[in-house]
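Containing PDB, C-alpha atoms: entry36.pdb.
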```pdb
ATOM      1  CA  MET A   1      38.350 -39.021   5.143  1.00  0.00           C
ATOM      2  CA  LEU A   2      40.244 -37.572   8.127  1.00  0.00           C
ATOM      3  CA  ALA A   3      37.983 -34.489   8.101  1.00  0.00           C
ATOM      4  CA  ALA A   4      34.931 -36.754   8.255  1.00  0.00           C
ATOM      5  CA  LEU A   5      36.417 -38.436  11.333  1.00  0.00           C
ATOM      6  CA  GLY A   6      36.661 -35.102  13.146  1.00  0.00           C
ATOM      7  CA  SER A   7      40.357 -34.419  12.695  1.00  0.00           C
ATOM      8  CA  TRP A   8      41.666 -31.065  14.009  1.00  0.00           C
ATOM      9  CA  GLY A   9      43.878 -30.790  10.979  1.00  0.00           C
ATOM     10  CA  PRO A  10      43.319 -33.250   8.139  1.00  0.00           C
ATOM     11  CA  LEU A  11      46.501 -32.270   6.268  1.00  0.00           C
ATOM     12  CA  PRO A  12      48.798 -32.526   9.308  1.00  0.00           C
ATOM     13  CA  ASP A  13      47.173 -35.854  10.217  1.00  0.00           C
ATOM     14  CA  ALA A  14      47.697 -37.053   6.660  1.00  0.00           C
ATOM     15  CA  TRP A  15      51.370 -36.023   6.836  1.00  0.00           C
ATOM     16  CA  ILE A  16      51.843 -37.836  10.142  1.00  0.00           C
ATOM     17  CA  LEU A  17      50.435 -41.026   8.621  1.00  0.00           C
ATOM     18  CA  THR A  18      52.334 -40.704   5.338  1.00  0.00           C
ATOM     19  CA  GLY A  19      55.564 -39.611   7.002  1.00  0.00           C
ATOM     20  CA  SER A  20      55.389 -42.487   9.463  1.00  0.00           C
ATOM     21  CA  LEU A  21      54.957 -44.968   6.628  1.00  0.00           C
ATOM     22  CA  LEU A  22      57.846 -43.432   4.666  1.00  0.00           C
ATOM     23  CA  ALA A  23      60.117 -43.346   7.708  1.00  0.00           C
ATOM     24  CA  THR A  24      59.323 -46.964   8.562  1.00  0.00           C
ATOM     25  CA  TYR A  25      60.126 -47.990   4.993  1.00  0.00           C
ATOM     26  CA  GLY A  26      63.412 -46.040   5.076  1.00  0.00           C
ATOM     27  CA  MET A  27      64.300 -47.587   8.410  1.00  0.00           C
ATOM     28  CA  ALA A  28      63.676 -51.078   7.014  1.00  0.00           C
ATOM     29  CA  ARG A  29      65.939 -50.278   4.046  1.00  0.00           C
ATOM     30  CA  GLY A  30      68.710 -49.026   6.362  1.00  0.00           C
ATOM     31  CA  TRP A  31      68.730 -45.457   5.037  1.00  0.00           C
ATOM     32  CA  VAL A  32      70.129 -42.777   7.345  1.00  0.00           C
ATOM     33  CA  GLU A  33      67.806 -40.101   5.965  1.00  0.00           C
ATOM     34  CA  PHE A  34      64.679 -41.706   7.429  1.00  0.00           C
ATOM     35  CA  TRP A  35      65.478 -39.932  10.707  1.00  0.00           C
ATOM     36  CA  LEU A  36      64.769 -36.605   8.999  1.00  0.00           C
ATOM     37  CA  ILE A  37      61.273 -37.799   8.157  1.00  0.00           C
ATOM     38  CA  TRP A  38      60.660 -38.812  11.772  1.00  0.00           C
ATOM     39  CA  ILE A  39      61.816 -35.367  12.891  1.00  0.00           C
ATOM     40  CA  ALA A  40      59.390 -33.770  10.406  1.00  0.00           C
ATOM     41  CA  VAL A  41      56.570 -35.999  11.685  1.00  0.00           C
ATOM     42  CA  ASP A  42      57.323 -34.897  15.250  1.00  0.00           C
ATOM     43  CA  ALA A  43      57.538 -31.239  14.184  1.00  0.00           C
ATOM     44  CA  VAL A  44      54.017 -31.472  12.760  1.00  0.00           C
ATOM     45  CA  GLY A  45      52.665 -33.651  15.556  1.00  0.00           C
ATOM     46  CA  VAL A  46      53.616 -31.434  18.499  1.00  0.00           C
ATOM     47  CA  PRO A  47      51.645 -28.342  17.414  1.00  0.00           C
ATOM     48  CA  LEU A  48      48.717 -30.512  16.359  1.00  0.00           C
ATOM     49  CA  LEU A  49      48.606 -32.198  19.757  1.00  0.00           C
ATOM     50  CA  LEU A  50      48.983 -28.883  21.590  1.00  0.00           C
ATOM     51  CA  ARG A  51      46.086 -27.433  19.616  1.00  0.00           C
ATOM     52  CA  GLY A  52      43.988 -30.454  20.524  1.00  0.00           C
ATOM     53  CA  GLY A  53      44.839 -30.115  24.221  1.00  0.00           C
ATOM     54  CA  PHE A  54      46.796 -33.367  24.434  1.00  0.00           C
ATOM     55  CA  TYR A  55      49.714 -31.927  26.399  1.00  0.00           C
ATOM     56  CA  PRO A  56      51.223 -35.212  27.664  1.00  0.00           C
ATOM     57  CA  SER A  57      51.216 -36.603  24.124  1.00  0.00           C
ATOM     58  CA  ALA A  58      52.808 -33.396  22.817  1.00  0.00           C
ATOM     59  CA  ALA A  59      55.539 -33.777  25.460  1.00  0.00           C
ATOM     60  CA  MET A  60      56.026 -37.383  24.378  1.00  0.00           C
ATOM     61  CA  TYR A  61      56.434 -36.254  20.749  1.00  0.00           C
ATOM     62  CA  LEU A  62      59.064 -33.738  21.906  1.00  0.00           C
ATOM     63  CA  VAL A  63      60.959 -36.580  23.571  1.00  0.00           C
ATOM     64  CA  TYR A  64      60.595 -38.643  20.398  1.00  0.00           C
ATOM     65  CA  GLY A  65      61.979 -35.708  18.420  1.00  0.00           C
ATOM     66  CA  ALA A  66      65.026 -35.565  20.679  1.00  0.00           C
ATOM     67  CA  PHE A  67      65.544 -39.307  20.243  1.00  0.00           C
ATOM     68  CA  CYS A  68      65.255 -38.882  16.479  1.00  0.00           C
ATOM     69  CA  ALA A  69      67.872 -36.116  16.439  1.00  0.00           C
ATOM     70  CA  TRP A  70      70.203 -38.296  18.517  1.00  0.00           C
ATOM     71  CA  GLY A  71      69.484 -41.286  16.247  1.00  0.00           C
ATOM     72  CA  LEU A  72      70.214 -39.245  13.115  1.00  0.00           C
ATOM     73  CA  VAL A  73      73.628 -38.197  14.422  1.00  0.00           C
ATOM     74  CA  SER A  74      74.422 -41.711  15.633  1.00  0.00           C
ATOM     75  CA  TRP A  75      73.405 -43.430  12.375  1.00  0.00           C
ATOM     76  CA  TRP A  76      75.165 -40.788  10.302  1.00  0.00           C
ATOM     77  CA  ARG A  77      78.435 -41.340  12.201  1.00  0.00           C
ATOM     78  CA  THR A  78      78.122 -45.106  11.912  1.00  0.00           C
ATOM     79  CA  SER A  79      77.326 -44.856   8.206  1.00  0.00           C
ATOM     80  CA  ARG A  80      80.402 -42.709   7.605  1.00  0.00           C
ATOM     81  CA  ALA A  81      82.602 -45.146   9.533  1.00  0.00           C
ATOM     82  CA  VAL A  82      81.287 -48.112   7.532  1.00  0.00           C
ATOM     83  CA  ARG A  83      81.836 -46.284   4.225  1.00  0.00           C
ATOM     84  CA  ALA A  84      85.387 -45.378   5.273  1.00  0.00           C
ATOM     85  CA  ALA A  85      86.101 -48.994   6.236  1.00  0.00           C
ATOM     86  CA  ARG A  86      84.896 -50.185   2.822  1.00  0.00           C
ATOM     87  CA  ALA A  87      87.023 -47.664   0.907  1.00  0.00           C
ATOM     88  CA  PRO A  88      89.820 -49.298  -1.061  1.00  0.00           C
ATOM     89  CA  ILE A  89      93.322 -48.855   0.256  1.00  0.00           C
ATOM     90  CA  PRO A  90      95.226 -46.523  -2.048  1.00  0.00           C
ATOM     91  CA  PRO A  91      98.235 -48.129  -3.700  1.00  0.00           C
ATOM     92  CA  THR A  92     101.698 -47.269  -2.515  1.00  0.00           C
ATOM     93  CA  TYR A  93     104.112 -45.402  -4.735  1.00  0.00           C
ATOM     94  CA  SER A  94     106.133 -48.563  -5.460  1.00  0.00           C
ATOM     95  CA  GLU A  95     102.978 -50.412  -6.597  1.00  0.00           C
ATOM     96  CA  VAL A  96     102.017 -47.583  -8.927  1.00  0.00           C
ATOM     97  CA  VAL A  97     105.481 -47.336 -10.502  1.00  0.00           C
ATOM     98  CA  ALA A  98     105.888 -51.114 -10.918  1.00  0.00           C
TER      99      ALA A  98
END
```

Would you write out, as structure tokens, the structure that this file holds?
Amino acid sequence: MLAALGSWGPLPDAWILTGSLLATYGMARGWVEFWLIWIAVDAVGVPLLLRGGFYPSAAMYLVYGAFCAWGLVSWWRTSRAVRAARAPIPPTYSEVVA
């Protein structure tokens, strides 16, 4: 269908659509890994836009990619902190012996 619409690259366009849907679903579920999908979408989108001559849009995708990398690190750190806060407190020696 994308080829019939005049797409420069039907498979990259299909990945951008599919990846965007997957990343949005992961974001709604609160998964940290969805940032990796956004980064992959941007990695495919930039060359596709450059090949099509859409240089401002390619630059925008590069900025989005930087935001996604920053978001991945930020969410990963927050996720680790939340998991550490939920970890049970280990018993003391006197509680174990008693």

- Item | Counting all atoms listed in the file, the residue of A:Leu11, A:Ala59, A:Leu36, A:Leu22 that sits nearest Trp75 of chain A |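 Going through A:Leu11, A:Ala59, A:Leu36, A:Leu22 one by one, the smallest distance to Trp75 of chain A is for A:Leu36.
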
- Item | Evaluate the PyMOL selection byres ((chain A and resi 69) around 12) and report residues as a VMD selection string | chain A and resid 32 to 40 42 to 43 62 to 68 70 to 76

- Task: Work out how far atom CA of Val46 of chain A is from atom CA of Ala58 of chain A, in Å to one decimal.
- Result: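 These two atoms are separated by 4.8 Å.
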
- Query: Within 12 Å of Pro47 of chain A, counting all atoms listed in the file, which residues qualify if same-chain residues fewer than 5 places away don't, as a PyMOL selection string?
  - Reply: chain A and resi 8-9+12-13+16+40-42+52-55+57-59+61-62

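Straight-line separation from atom CA of Gly45 of chain A to atom CA of Trp15 of chain A: 9.1 Å.
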
Please write out, as AutoDock Vina command-line options, where the centre of an axis-aligned box around all listed atoms of segment 11-27 of chain A lies and how long its edges are, in Å to one decimal, after adding 8 Å on each side.
```
--center_x 55.4 --center_y -40.1 --center_z 7.4 --size_x 33.8 --size_y 31.7 --size_z 21.6
```

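Atom pair atom CA of Ser20 of chain A / atom CA of Val44 of chain A: separated by 11.6 Å.
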